[in-house]
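For reference, structure-v1.cif is printed below; it contains mmCIF, C-alpha atoms.
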data_model
loop_
_atom_site.label_atom_id
_atom_site.label_comp_id
_atom_site.auth_asym_id
_atom_site.auth_seq_id
_atom_site.Cartn_x
_atom_site.Cartn_y
_atom_site.Cartn_z
CA MET F 1 95.68 141.30 115.65
CA GLU F 2 93.53 143.06 113.06
CA SER F 3 90.00 144.15 113.94
CA PHE F 4 87.37 142.16 112.05
CA SER F 5 83.84 142.92 110.96
CA LEU F 6 81.39 140.16 110.01
CA ILE F 7 81.67 140.88 106.28
CA LEU F 8 85.46 140.84 106.50
CA ALA F 9 85.37 137.45 108.22
CA ILE F 10 83.05 136.16 105.46
CA VAL F 11 85.46 137.43 102.79
CA VAL F 12 88.44 135.72 104.43
CA VAL F 13 86.59 132.39 104.73
CA THR F 14 85.40 132.66 101.11
CA ALA F 15 88.92 133.48 99.95
CA LEU F 16 90.26 130.38 101.68
CA ALA F 17 87.44 128.36 100.05
CA PHE F 18 88.63 129.66 96.69
CA ASP F 19 92.19 128.71 97.61
CA PHE F 20 90.96 125.20 98.39
CA THR F 21 89.29 124.92 94.96
CA ASN F 22 92.46 126.30 93.40
CA GLY F 23 94.36 123.45 95.01
CA PHE F 24 92.26 120.57 93.71
CA HIS F 25 91.62 122.32 90.40
CA ASP F 26 95.34 122.73 89.72
CA THR F 27 96.74 119.50 91.19
CA ALA F 28 96.98 118.31 87.59
CA ASN F 29 99.53 121.00 86.83
CA ALA F 30 102.10 119.33 89.05
CA MET F 31 101.17 115.66 89.06
CA ALA F 32 99.16 114.69 85.96
CA THR F 33 102.15 113.62 83.88
CA THR F 34 103.82 111.89 86.85
CA ILE F 35 100.67 109.85 87.46
CA SER F 36 100.03 109.10 83.77
CA THR F 37 103.56 107.73 83.19
CA GLY F 38 103.48 105.65 86.38
CA ALA F 39 106.35 107.51 88.04
CA LEU F 40 104.27 107.86 91.23
CA LYS F 41 101.09 106.27 92.52
CA PRO F 42 98.17 108.75 92.49
CA LYS F 43 97.75 109.13 96.27
CA VAL F 44 101.49 109.45 96.87
CA ALA F 45 101.71 112.07 94.12
CA VAL F 46 99.00 114.35 95.54
CA ALA F 47 100.41 114.03 99.09
CA MET F 48 103.84 115.09 97.86
CA SER F 49 102.36 117.96 95.85
CA ALA F 50 100.31 119.21 98.82
CA THR F 51 103.35 119.32 101.09
CA LEU F 52 105.44 121.26 98.58
CA ASN F 53 102.54 123.65 97.86
CA LEU F 54 102.60 124.59 101.54
CA VAL F 55 106.37 125.12 101.51
CA GLY F 56 106.17 127.19 98.31
CA ALA F 57 103.66 129.58 99.86
CA PHE F 58 106.43 130.98 102.10
CA LEU F 59 108.99 131.65 99.37
CA SER F 60 107.76 134.98 97.99
CA VAL F 61 105.04 137.66 98.17
CA GLU F 62 105.66 139.41 94.84
CA VAL F 63 102.56 137.99 93.11
CA ALA F 64 100.44 138.75 96.20
CA ASN F 65 101.57 142.36 96.02
CA THR F 66 100.65 142.52 92.31
CA ILE F 67 97.05 141.68 93.21
CA SER F 68 96.73 143.59 96.49
CA LYS F 69 98.57 146.74 95.36
CA GLY F 70 98.61 146.88 91.56
CA LEU F 71 95.61 145.46 89.72
CA VAL F 72 92.81 147.65 91.13
CA ASP F 73 92.57 150.90 93.08
CA GLU F 74 92.55 149.98 96.77
CA SER F 75 90.74 153.15 97.81
CA GLY F 76 87.61 152.31 95.80
CA ILE F 77 87.23 148.72 97.03
CA ARG F 78 84.88 147.51 99.76
CA PRO F 79 85.00 144.00 101.31
CA GLU F 80 81.70 143.20 99.58
CA VAL F 81 83.39 143.79 96.21
CA ILE F 82 86.06 141.22 97.01
CA PHE F 83 83.40 138.75 98.18
CA ALA F 84 81.59 139.14 94.86
CA ALA F 85 84.85 138.62 92.98
CA LEU F 86 85.48 135.38 94.86
CA VAL F 87 81.99 134.11 94.01
CA GLY F 88 82.73 134.48 90.30
CA ALA F 89 86.11 132.76 90.66
CA ILE F 90 84.85 129.81 92.73
CA LEU F 91 81.91 129.06 90.45
CA TRP F 92 84.09 129.12 87.33
CA ASN F 93 86.60 126.80 88.99
CA LEU F 94 83.88 124.33 89.92
CA VAL F 95 82.22 124.36 86.49
CA THR F 96 85.49 123.72 84.64
CA TRP F 97 86.44 121.04 87.17
CA LEU F 98 83.10 119.31 86.57
CA VAL F 99 83.77 119.03 82.83
CA GLY F 100 87.44 118.20 83.36
CA LEU F 101 88.92 121.25 81.64
CA PRO F 102 92.21 122.70 82.94
CA SER F 103 91.34 126.39 82.96
CA SER F 104 93.17 129.07 84.93
CA SER F 105 92.20 129.62 88.57
CA SER F 106 94.37 132.72 88.51
CA HIS F 107 92.44 134.28 85.66
CA ALA F 108 89.14 133.29 87.26
CA LEU F 109 90.16 135.19 90.38
CA MET F 110 91.37 138.24 88.49
CA GLY F 111 88.34 138.19 86.19
CA GLY F 112 86.00 138.13 89.19
CA LEU F 113 87.93 140.98 90.82
CA ILE F 114 87.88 143.09 87.66
CA GLY F 115 84.17 142.55 87.06
CA ALA F 116 83.18 143.31 90.66
CA THR F 117 85.43 146.38 90.77
CA ILE F 118 83.99 147.80 87.56
CA ALA F 119 80.43 147.21 88.83
CA SER F 120 81.28 148.99 92.07
CA ALA F 121 83.66 151.82 91.12
CA GLY F 122 83.76 151.97 87.32
CA THR F 123 86.45 151.13 84.80
CA GLY F 124 88.79 153.78 86.16
CA ALA F 125 89.37 151.68 89.29
CA VAL F 126 91.11 148.97 87.21
CA HIS F 127 94.75 149.65 86.37
CA SER F 128 94.76 148.68 82.71
CA ASP F 129 98.54 148.90 82.35
CA VAL F 130 99.06 146.29 85.08
CA LEU F 131 96.29 144.15 83.58
CA VAL F 132 97.98 144.12 80.19
CA THR F 133 101.63 143.78 81.21
CA LYS F 134 101.32 141.43 84.18
CA VAL F 135 98.21 139.41 83.35
CA LEU F 136 97.22 139.35 79.66
CA LEU F 137 100.67 139.25 78.05
CA PRO F 138 101.92 136.46 80.35
CA ALA F 139 98.70 134.56 79.61
CA VAL F 140 99.56 134.51 75.92
CA ALA F 141 103.31 134.07 76.31
CA ALA F 142 103.36 131.37 79.00
CA PRO F 143 101.98 128.40 77.00
CA ILE F 144 104.05 129.33 73.95
CA VAL F 145 107.33 129.70 75.84
CA ALA F 146 106.72 126.59 77.94
CA GLY F 147 105.60 124.60 74.88
CA VAL F 148 108.66 125.46 72.81
CA ALA F 149 110.96 124.78 75.76
CA ALA F 150 109.30 121.40 76.38
CA MET F 151 109.52 120.43 72.71
CA VAL F 152 113.27 121.19 72.63
CA ALA F 153 113.81 119.47 75.99
CA THR F 154 111.93 116.37 74.80
CA ARG F 155 114.07 116.02 71.70
CA PHE F 156 117.20 116.56 73.78
CA SER F 157 116.06 113.91 76.29
CA TYR F 158 115.51 111.35 73.54
CA ALA F 159 118.88 112.20 72.00
CA LEU F 160 120.60 111.62 75.35
CA SER F 161 118.90 108.25 75.87
CA ARG F 162 119.24 107.04 72.27
CA ASN F 163 121.99 104.52 73.05
CA ALA F 164 120.87 103.69 76.58
CA ASP F 165 119.05 100.58 77.69
CA GLY F 166 115.33 101.21 77.32
CA LYS F 167 114.25 100.11 80.79
CA ALA F 168 117.16 101.84 82.51
CA ALA F 169 116.48 105.08 80.63
CA ASP F 170 112.78 104.98 81.53
CA LYS F 171 113.63 104.40 85.18
CA GLY F 172 116.09 107.28 85.20
CA PHE F 173 113.64 109.68 83.59
CA ARG F 174 110.91 108.62 86.04
CA VAL F 175 113.19 109.55 88.92
CA GLY F 176 113.91 112.86 87.20
CA GLN F 177 110.19 113.32 86.63
CA ILE F 178 109.48 112.96 90.34
CA ALA F 179 112.04 115.67 91.07
CA SER F 180 110.64 117.98 88.39
CA ALA F 181 107.07 117.34 89.64
CA GLY F 182 108.22 118.44 93.07
CA LEU F 183 109.64 121.59 91.53
CA VAL F 184 106.32 122.34 89.80
CA SER F 185 104.46 121.80 93.10
CA LEU F 186 106.83 124.19 94.85
CA ALA F 187 106.34 126.72 92.04
CA HIS F 188 102.57 126.29 92.22
CA GLY F 189 102.55 127.09 95.91
CA THR F 190 104.80 130.07 95.31
CA ASN F 191 102.62 131.41 92.49
CA ASP F 192 99.02 130.43 93.20
CA ALA F 193 98.83 130.55 97.00
CA GLN F 194 100.02 134.15 96.74
CA LYS F 195 96.94 135.12 94.77
CA THR F 196 94.72 134.28 97.71
CA MET F 197 97.16 136.07 100.01
CA GLY F 198 96.80 139.13 97.81
CA ILE F 199 93.00 138.97 97.86
CA ILE F 200 92.83 138.61 101.65
CA THR F 201 95.35 141.42 102.09
CA LEU F 202 93.28 143.61 99.77
CA ALA F 203 90.18 142.81 101.85
CA LEU F 204 92.00 143.70 105.08
CA ILE F 205 93.09 147.02 103.55
CA ALA F 206 89.57 147.72 102.27
CA GLY F 207 88.12 146.91 105.69
CA GLY F 208 90.59 149.21 107.44
CA SER F 209 92.23 146.37 109.36
CA ILE F 210 95.74 147.02 108.03
CA ALA F 211 97.43 150.02 106.43
CA PRO F 212 97.49 150.52 102.64
CA ASP F 213 100.51 149.05 100.82
CA SER F 214 101.02 146.46 103.55
CA ASP F 215 102.52 143.06 102.78
CA PRO F 216 100.45 139.97 103.64
CA PRO F 217 100.53 139.24 107.40
CA THR F 218 102.10 135.96 108.50
CA TRP F 219 98.75 134.38 109.44
CA VAL F 220 97.47 135.13 105.92
CA ILE F 221 100.48 133.40 104.34
CA LEU F 222 100.07 130.35 106.60
CA SER F 223 96.30 130.01 106.11
CA ALA F 224 96.55 130.40 102.33
CA GLY F 225 99.32 127.80 102.18
CA LEU F 226 97.31 125.32 104.26
CA ALA F 227 94.14 125.84 102.22
CA ILE F 228 95.80 125.23 98.85
CA ALA F 229 97.68 122.24 100.28
CA MET F 230 94.45 120.62 101.52
CA GLY F 231 92.78 121.20 98.18
CA THR F 232 95.75 119.68 96.39
CA TYR F 233 95.62 116.57 98.59
CA ILE F 234 91.94 116.05 97.73
CA GLY F 235 93.08 115.70 94.12
CA GLY F 236 91.26 117.14 91.10
CA TRP F 237 91.10 113.74 89.43
CA ARG F 238 88.94 114.86 86.50
CA ILE F 239 91.47 117.45 85.37
CA ILE F 240 94.39 115.13 86.12
CA ARG F 241 92.85 112.67 83.65
CA THR F 242 92.52 115.34 80.96
CA MET F 243 96.04 116.70 81.45
CA GLY F 244 97.70 113.30 81.76
CA LYS F 245 95.79 111.29 79.14
CA GLY F 246 93.43 113.58 77.25
CA LEU F 247 95.94 115.91 75.59
CA THR F 248 98.59 113.42 74.53
CA ASP F 249 100.17 110.12 75.54
CA LEU F 250 103.35 110.82 77.47
CA ARG F 251 106.41 108.70 78.11
CA PRO F 252 108.87 109.32 80.97
CA GLN F 253 111.22 111.40 78.81
CA GLN F 254 108.34 113.64 77.77
CA GLY F 255 106.96 113.94 81.29
CA PHE F 256 110.35 114.99 82.62
CA ALA F 257 110.81 117.57 79.85
CA ALA F 258 107.28 118.97 80.25
CA GLN F 259 107.47 119.46 84.00
CA THR F 260 110.99 120.86 84.04
CA SER F 261 110.11 123.42 81.37
CA ALA F 262 106.89 124.45 83.12
CA ALA F 263 108.59 124.81 86.51
CA ALA F 264 111.29 127.06 85.04
CA VAL F 265 108.69 129.36 83.45
CA ILE F 266 106.50 129.51 86.60
CA LEU F 267 109.35 130.21 89.02
CA ALA F 268 110.80 132.90 86.76
CA SER F 269 107.43 134.67 86.48
CA ALA F 270 106.81 134.47 90.25
CA HIS F 271 110.20 136.06 90.89
CA ILE F 272 109.35 139.14 88.81
CA GLY F 273 105.74 139.39 90.01
CA PHE F 274 103.85 138.19 86.92
CA SER F 275 100.49 136.73 87.91
CA LEU F 276 101.05 133.77 85.62
CA SER F 277 98.59 130.95 85.06
CA THR F 278 100.30 127.70 86.04
CA THR F 279 97.62 125.91 84.03
CA HIS F 280 98.62 127.72 80.84
CA ALA F 281 102.31 127.01 81.41
CA VAL F 282 101.85 123.31 82.20
CA SER F 283 99.31 122.70 79.43
CA GLY F 284 101.62 124.35 76.90
CA SER F 285 104.55 122.24 78.08
CA VAL F 286 102.51 119.01 77.86
CA MET F 287 101.53 119.80 74.28
CA GLY F 288 105.11 120.76 73.43
CA ALA F 289 106.35 117.47 74.88
CA GLY F 290 103.74 115.59 72.86
CA LEU F 291 104.95 117.19 69.65
CA GLY F 292 108.61 116.81 70.59
CA ARG F 293 108.63 113.01 70.35
CA LYS F 294 108.90 111.51 66.88
CA GLY F 295 105.48 110.14 66.04
CA GLY F 296 103.94 111.93 69.02
CA VAL F 297 100.60 113.63 68.59
CA VAL F 298 98.34 116.07 70.41
CA ARG F 299 94.60 115.49 70.65
CA TRP F 300 93.55 118.81 69.20
CA SER F 301 89.87 118.22 69.96
CA THR F 302 90.69 118.34 73.67
CA ALA F 303 93.15 121.20 73.19
CA THR F 304 90.52 123.25 71.33
CA ARG F 305 88.00 122.87 74.17
CA MET F 306 90.72 123.91 76.58
CA PHE F 307 91.61 127.00 74.52
CA VAL F 308 87.94 128.02 74.46
CA ALA F 309 87.79 127.68 78.25
CA TRP F 310 90.91 129.84 78.57
CA GLY F 311 89.35 132.56 76.44
CA LEU F 312 86.11 132.50 78.45
CA THR F 313 87.68 132.49 81.90
CA LEU F 314 88.29 136.21 82.41
CA PRO F 315 84.99 137.48 80.92
CA ALA F 316 82.84 134.72 82.47
CA ALA F 317 84.24 135.20 85.96
CA ALA F 318 84.03 138.99 85.50
CA LEU F 319 80.35 138.76 84.54
CA VAL F 320 79.46 136.62 87.55
CA GLY F 321 81.53 138.89 89.81
CA ALA F 322 79.76 141.98 88.47
CA LEU F 323 76.31 140.42 88.95
CA ALA F 324 77.19 139.31 92.46
CA GLU F 325 78.43 142.80 93.31
CA SER F 326 75.16 144.31 92.04
CA VAL F 327 73.25 142.09 94.47
CA THR F 328 75.56 142.67 97.46
CA ASP F 329 75.21 146.40 96.85
CA LEU F 330 71.58 146.09 97.96
CA GLY F 331 72.63 145.61 101.58
CA ASP F 332 73.24 142.83 104.07
CA TRP F 333 70.35 140.76 102.78
CA GLY F 334 71.85 140.96 99.27
CA THR F 335 75.20 139.66 100.57
CA ALA F 336 73.39 136.84 102.36
CA LEU F 337 71.50 135.99 99.15
CA VAL F 338 74.75 135.77 97.17
CA ALA F 339 76.27 133.56 99.89
CA VAL F 340 73.28 131.19 99.76
CA PHE F 341 73.49 131.09 95.96
CA LEU F 342 77.21 130.22 96.13
CA VAL F 343 76.65 127.37 98.59
CA ALA F 344 73.66 126.00 96.67
CA SER F 345 75.44 126.16 93.31
CA SER F 346 78.57 124.52 94.70
CA THR F 347 76.52 121.72 96.23
CA GLY F 348 74.64 121.18 92.96
CA ILE F 349 77.88 120.94 90.98
CA TRP F 350 79.28 118.41 93.47
CA LEU F 351 76.12 116.29 93.21
CA LEU F 352 76.38 116.33 89.41
CA SER F 353 79.98 115.13 89.65
CA ARG F 354 78.83 112.05 91.59
CA ARG F 355 77.01 110.73 88.51
CA GLN F 356 80.34 109.78 86.95
CA VAL F 357 83.02 109.49 89.59
CA VAL F 358 86.67 110.01 88.66
CA ASP F 359 89.15 109.17 91.42
CA ALA F 360 92.57 107.65 92.04
CA SER F 361 91.38 104.22 90.92
CA ASN F 362 90.38 105.21 87.37
CA VAL F 363 92.27 108.45 86.73
CA ASN F 364 94.46 106.87 84.04
CA GLU F 365 91.51 105.59 82.04
CA SER F 366 90.64 107.75 79.05
CA ASP F 367 87.95 107.41 76.44
CA GLU F 368 89.01 110.55 74.58
CA PRO F 369 88.71 109.96 70.81
CA ALA F 370 91.85 110.41 68.78
CA GLY F 371 90.34 112.90 66.37
CA VAL F 372 90.84 113.31 62.63
CA VAL F 373 94.21 115.11 62.81
CA THR F 374 95.68 112.66 65.32
CA ALA F 375 94.50 109.66 63.31
CA ALA F 376 95.97 111.08 60.13
CA ILE F 377 99.35 111.72 61.76
CA ALA F 378 99.38 108.26 63.30
CA ALA F 379 98.63 106.72 59.89
CA VAL F 380 101.84 108.07 58.39
CA THR F 381 104.06 107.43 61.43
CA PRO F 382 106.91 104.98 60.71
CA PRO F 383 106.35 101.51 62.19
CA PRO F 384 107.84 101.06 65.66
CA SER F 385 111.10 99.27 66.24
CA VAL F 386 111.34 96.21 68.46
CA ALA F 387 114.58 95.63 70.32
CA LEU F 388 115.93 92.04 70.06
CA SER F 389 117.79 90.30 72.84
CA GLU F 390 121.06 90.42 70.88
CA GLY F 391 120.93 94.22 70.86
CA LEU F 392 119.84 94.38 67.21
CA THR F 393 116.76 96.20 66.04
CA ALA F 394 114.02 94.69 63.93
CA THR F 395 111.40 96.68 62.11
CA ILE F 396 107.89 95.31 62.02
CA PRO F 397 107.21 94.72 58.34
CA ALA F 398 104.21 96.17 56.63
CA PRO F 399 101.52 93.67 55.59
CA PRO F 400 102.07 92.22 52.10
CA ALA F 401 100.40 94.11 49.30
CA VAL F 402 97.52 92.43 47.57
CA THR F 403 98.17 92.31 43.79
CA THR F 404 95.50 92.08 41.13
CA PRO F 405 96.30 89.48 38.42
CA ASP F 406 96.80 90.71 34.88
CA PRO F 407 93.84 89.52 32.77
CA ALA F 408 96.19 89.03 29.79
CA THR F 409 98.23 86.45 31.68
CA PRO F 410 96.68 82.96 31.71
CA ALA F 411 96.09 81.62 35.13
CA THR F 412 98.32 78.71 36.19
CA PRO F 413 96.21 75.61 36.77
CA PRO F 414 96.52 74.03 40.18
CA ALA F 415 98.79 71.00 40.46
CA ALA F 416 97.06 67.67 40.23
CA THR F 417 96.70 65.78 43.45
CA VAL F 418 97.43 62.05 43.39
#
The structure given in the file should be rewritten as structure tokens.
Amino acid sequence: MESFSLILAIVVVTALAFDFTNGFHDTANAMATTISTGALKPKVAVAMSATLNLVGAFLSVEVANTISKGLVDESGIRPEVIFAALVGAILWNLVTWLVGLPSSSSHALMGGLIGATIASAGTGAVHSDVLVTKVLLPAVAAPIVAGVAAMVATRFSYALSRNADGKAADKGFRVGQIASAGLVSLAHGTNDAQKTMGIITLALIAGGSIAPDSDPPTWVILSAGLAIAMGTYIGGWRIIRTMGKGLTDLRPQQGFAAQTSAAAVILASAHIGFSLSTTHAVSGSVMGAGLGRKGGVVRWSTATRMFVAWGLTLPAAALVGALAESVTDLGDWGTALVAVFLVASSTGIWLLSRRQVVDASNVNESDEPAGVVTAAIAAVTPPPSVALSEGLTATIPAPPAVTTPDPATPATPPAATV
């Protein structure tokens, strides 16, 4: 068993706290569309996702090695630096959860680590080539690739079910959606739990508890998997509402296409060690699925707020991480001050969330306005078709046009009533 100092124990506990917030912050990635389309009840969905998150944590360590061995110089890192990085990541996760925005927990963690490392050891301690190739480029590519794949998959799904009975097709796609949601949950555990494994492993190396270039110990893998699973079971209902109802209105075919596309992208990136944001991949696939259905729309007002949050994640978490590192550098009392600030801030954010509670009972309610673009697209969408019992299709007619009488034409007098 590794030898532990007090600061190392604090870092490990804080890392697991981040992993817990990662779980409830990113539950929406796996289960938002499944819940919004009614394929699974909310509580059943998060229980299933939590279980598969735990299983996924044991499938690979490639992403963990990217963080513990590749992103920053291990030799210039102290445990206090990693603690400061986690403070920046946790606070950003909680703030975006409070406002219901699906931002990237992965980028919050890496932003905090980069900011704290620069504050402690300078810019030379950050490996810029790894940052660009394995963090920034996947951040841009993931939502685009997943979105295009989901759009194509949605159109293909509708083409397959064109001649099928409507209720039977919906039921079949809901079953498929449950399977694809399980795949996303497994991928989320494989990808995101590893990031905490990497951080704890980096802390153990920095504290001299294990040798440099070591893989995560078994107890680290197990504890990270359990922490993210517990967070997932709590359910980040605010973000589930945004992902499931705030971006677009999904039908079973779209939900199946979105989740299958996102899972494929996440699992592929985890296999090659890209520290991909599951939030970016799933959000891109949801938008792609929304655009893939004829007459489907995306609420760009919500999407714009989400894009802004994505752009702010790395620098905001880096700034908080750098400030926290500056305080911890003052000594033990500085570390204690940062710890008190983290607990107080987290408690304050939780109390603010109680003013307007979002839970399993109201997660599918949405008061998100349609927006100008959405309303304009909806206005020119062809009227829906209504299936008749004989298997024919009737089109709802447009309301009759109101004509203005020609002033040159004499009005016909009303018929006399006897």
So which residues touch Gln253 (chain F) within 7 Å, counting only C-alpha atoms, skipping near sequence neighbours fewer than 5 positions away, as a PDB file with C-alpha atoms, in the frame of the given file?
ATOM      1  CA  THR F 154     111.930 116.370  74.800  1.00  0.00           C
ATOM      2  CA  SER F 157     116.060 113.910  76.290  1.00  0.00           C
ATOM      3  CA  TYR F 158     115.510 111.350  73.540  1.00  0.00           C
ATOM      4  CA  PHE F 173     113.640 109.680  83.590  1.00  0.00           C
TER       5      PHE F 173
END
Point to revise | Explicit residue set for the PyMOL selection byres ((chain F and resi 94) around 12), as a PyMOL selection string | key: chain F and resi 17-18+20-26+87-93+95-105+108+236+238-239+317+342-343+345-353
Review point. Could you name the residues that touch Thr302 (chain F) at 9 Å or less, counting only C-alpha atoms, but leaving out those on the same chain fewer than 3 positions away, as a list in words?
Key: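 The contact residues come out as Leu101, Thr242, Gly246, Leu247, Val298, Arg299, Arg305, Met306, Phe307 and Glu368 of chain F.
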Taking the file as shown, what set of residues would the PyMOL selection byres ((chain F and resi 219-222) around 8) give back, as a PDB file with C-alpha atoms, keeping the file's coordinate frame?
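The file below, expr-v9.pdb, is the result:
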ATOM      1  CA  ALA F  57     103.660 129.580  99.860  1.00  0.00           C
ATOM      2  CA  PHE F  58     106.430 130.980 102.100  1.00  0.00           C
ATOM      3  CA  GLN F 194     100.020 134.150  96.740  1.00  0.00           C
ATOM      4  CA  MET F 197      97.160 136.070 100.010  1.00  0.00           C
ATOM      5  CA  ILE F 200      92.830 138.610 101.650  1.00  0.00           C
ATOM      6  CA  THR F 201      95.350 141.420 102.090  1.00  0.00           C
ATOM      7  CA  PRO F 216     100.450 139.970 103.640  1.00  0.00           C
ATOM      8  CA  PRO F 217     100.530 139.240 107.400  1.00  0.00           C
ATOM      9  CA  THR F 218     102.100 135.960 108.500  1.00  0.00           C
ATOM     10  CA  SER F 223      96.300 130.010 106.110  1.00  0.00           C
ATOM     11  CA  ALA F 224      96.550 130.400 102.330  1.00  0.00           C
ATOM     12  CA  GLY F 225      99.320 127.800 102.180  1.00  0.00           C
ATOM     13  CA  LEU F 226      97.310 125.320 104.260  1.00  0.00           C
TER      14      LEU F 226
END
Point to revise | Test item: the PyMOL selection byres ((chain F and resi 44) around 12) resolved as a PyMOL selection string | key: chain F and resi 31+34-35+38-43+45-51+178+182+232-235+360
Please identify all polymer residues within 6 Å of region 146-149 of chain F, counting all atoms listed in the file, omitting same-chain residues fewer than 2 positions from it, and present them as a PDB file with C-alpha atoms, in the frame of the given file.
ATOM      1  CA  ALA F 142     103.360 131.370  79.000  1.00  0.00           C
ATOM      2  CA  PRO F 143     101.980 128.400  77.000  1.00  0.00           C
ATOM      3  CA  ILE F 144     104.050 129.330  73.950  1.00  0.00           C
ATOM      4  CA  MET F 151     109.520 120.430  72.710  1.00  0.00           C
ATOM      5  CA  VAL F 152     113.270 121.190  72.630  1.00  0.00           C
ATOM      6  CA  SER F 261     110.110 123.420  81.370  1.00  0.00           C
ATOM      7  CA  ALA F 262     106.890 124.450  83.120  1.00  0.00           C
ATOM      8  CA  ALA F 281     102.310 127.010  81.410  1.00  0.00           C
ATOM      9  CA  GLY F 284     101.620 124.350  76.900  1.00  0.00           C
ATOM     10  CA  SER F 285     104.550 122.240  78.080  1.00  0.00           C
ATOM     11  CA  GLY F 288     105.110 120.760  73.430  1.00  0.00           C
TER      12      GLY F 288
END
Exercise for review: Measure the distance from CA of Thr27 (chain F) to CA of Leu109 (chain F) in Å and round it to one decimal.
Suggested key: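 Going from CA of Thr27 (chain F) over to CA of Leu109 (chain F), I get 17.0 Å.
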Point to revise | Computed interatomic separation between CA of Asp19 (chain F) and CA of Ala289 (chain F) (Å) | key: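 The value is 29.0 Å.
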Point to revise | Residue among F:Val282, F:Leu202, F:Val55, F:Leu137 lying closest to Ile240 (chain F), counting only C-alpha atoms | key: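 Looking at the shortest contact to Ile240 (chain F), the residue is F:Val282.
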Review point. Smallest atom-to-atom distance to Gly331 (chain F): which of F:Ala316, F:Asp359, F:Leu8, F:Glu80, using only C-alpha atoms?
Key: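 Among F:Ala316, F:Asp359, F:Leu8, F:Glu80, it is F:Glu80 that comes nearest to Gly331 (chain F).
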Exercise for review: May I ask for the distance between CA of Asp215 (chain F) and CA of Ala263 (chain F), given in Å to one decimal place?
Suggested key: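 Value for the CA of Asp215 (chain F)-CA of Ala263 (chain F) distance: 25.2 Å.
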Point to revise | Distance query Leu6 (chain F) at most 12 Å, all atoms listed in the file, self and fewer than 6 positions along chain excluded, as number ranges by chain | key: F: 12-13, 79-80, 207, 332, 335-336
Practice item. Tell me which of F:Gly172, F:Ala139, F:Leu131, F:Thr190 sits closest to Glu62 (chain F), counting only C-alpha atoms. Key: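 Among F:Gly172, F:Ala139, F:Leu131, F:Thr190, it is F:Thr190 that comes nearest to Glu62 (chain F).
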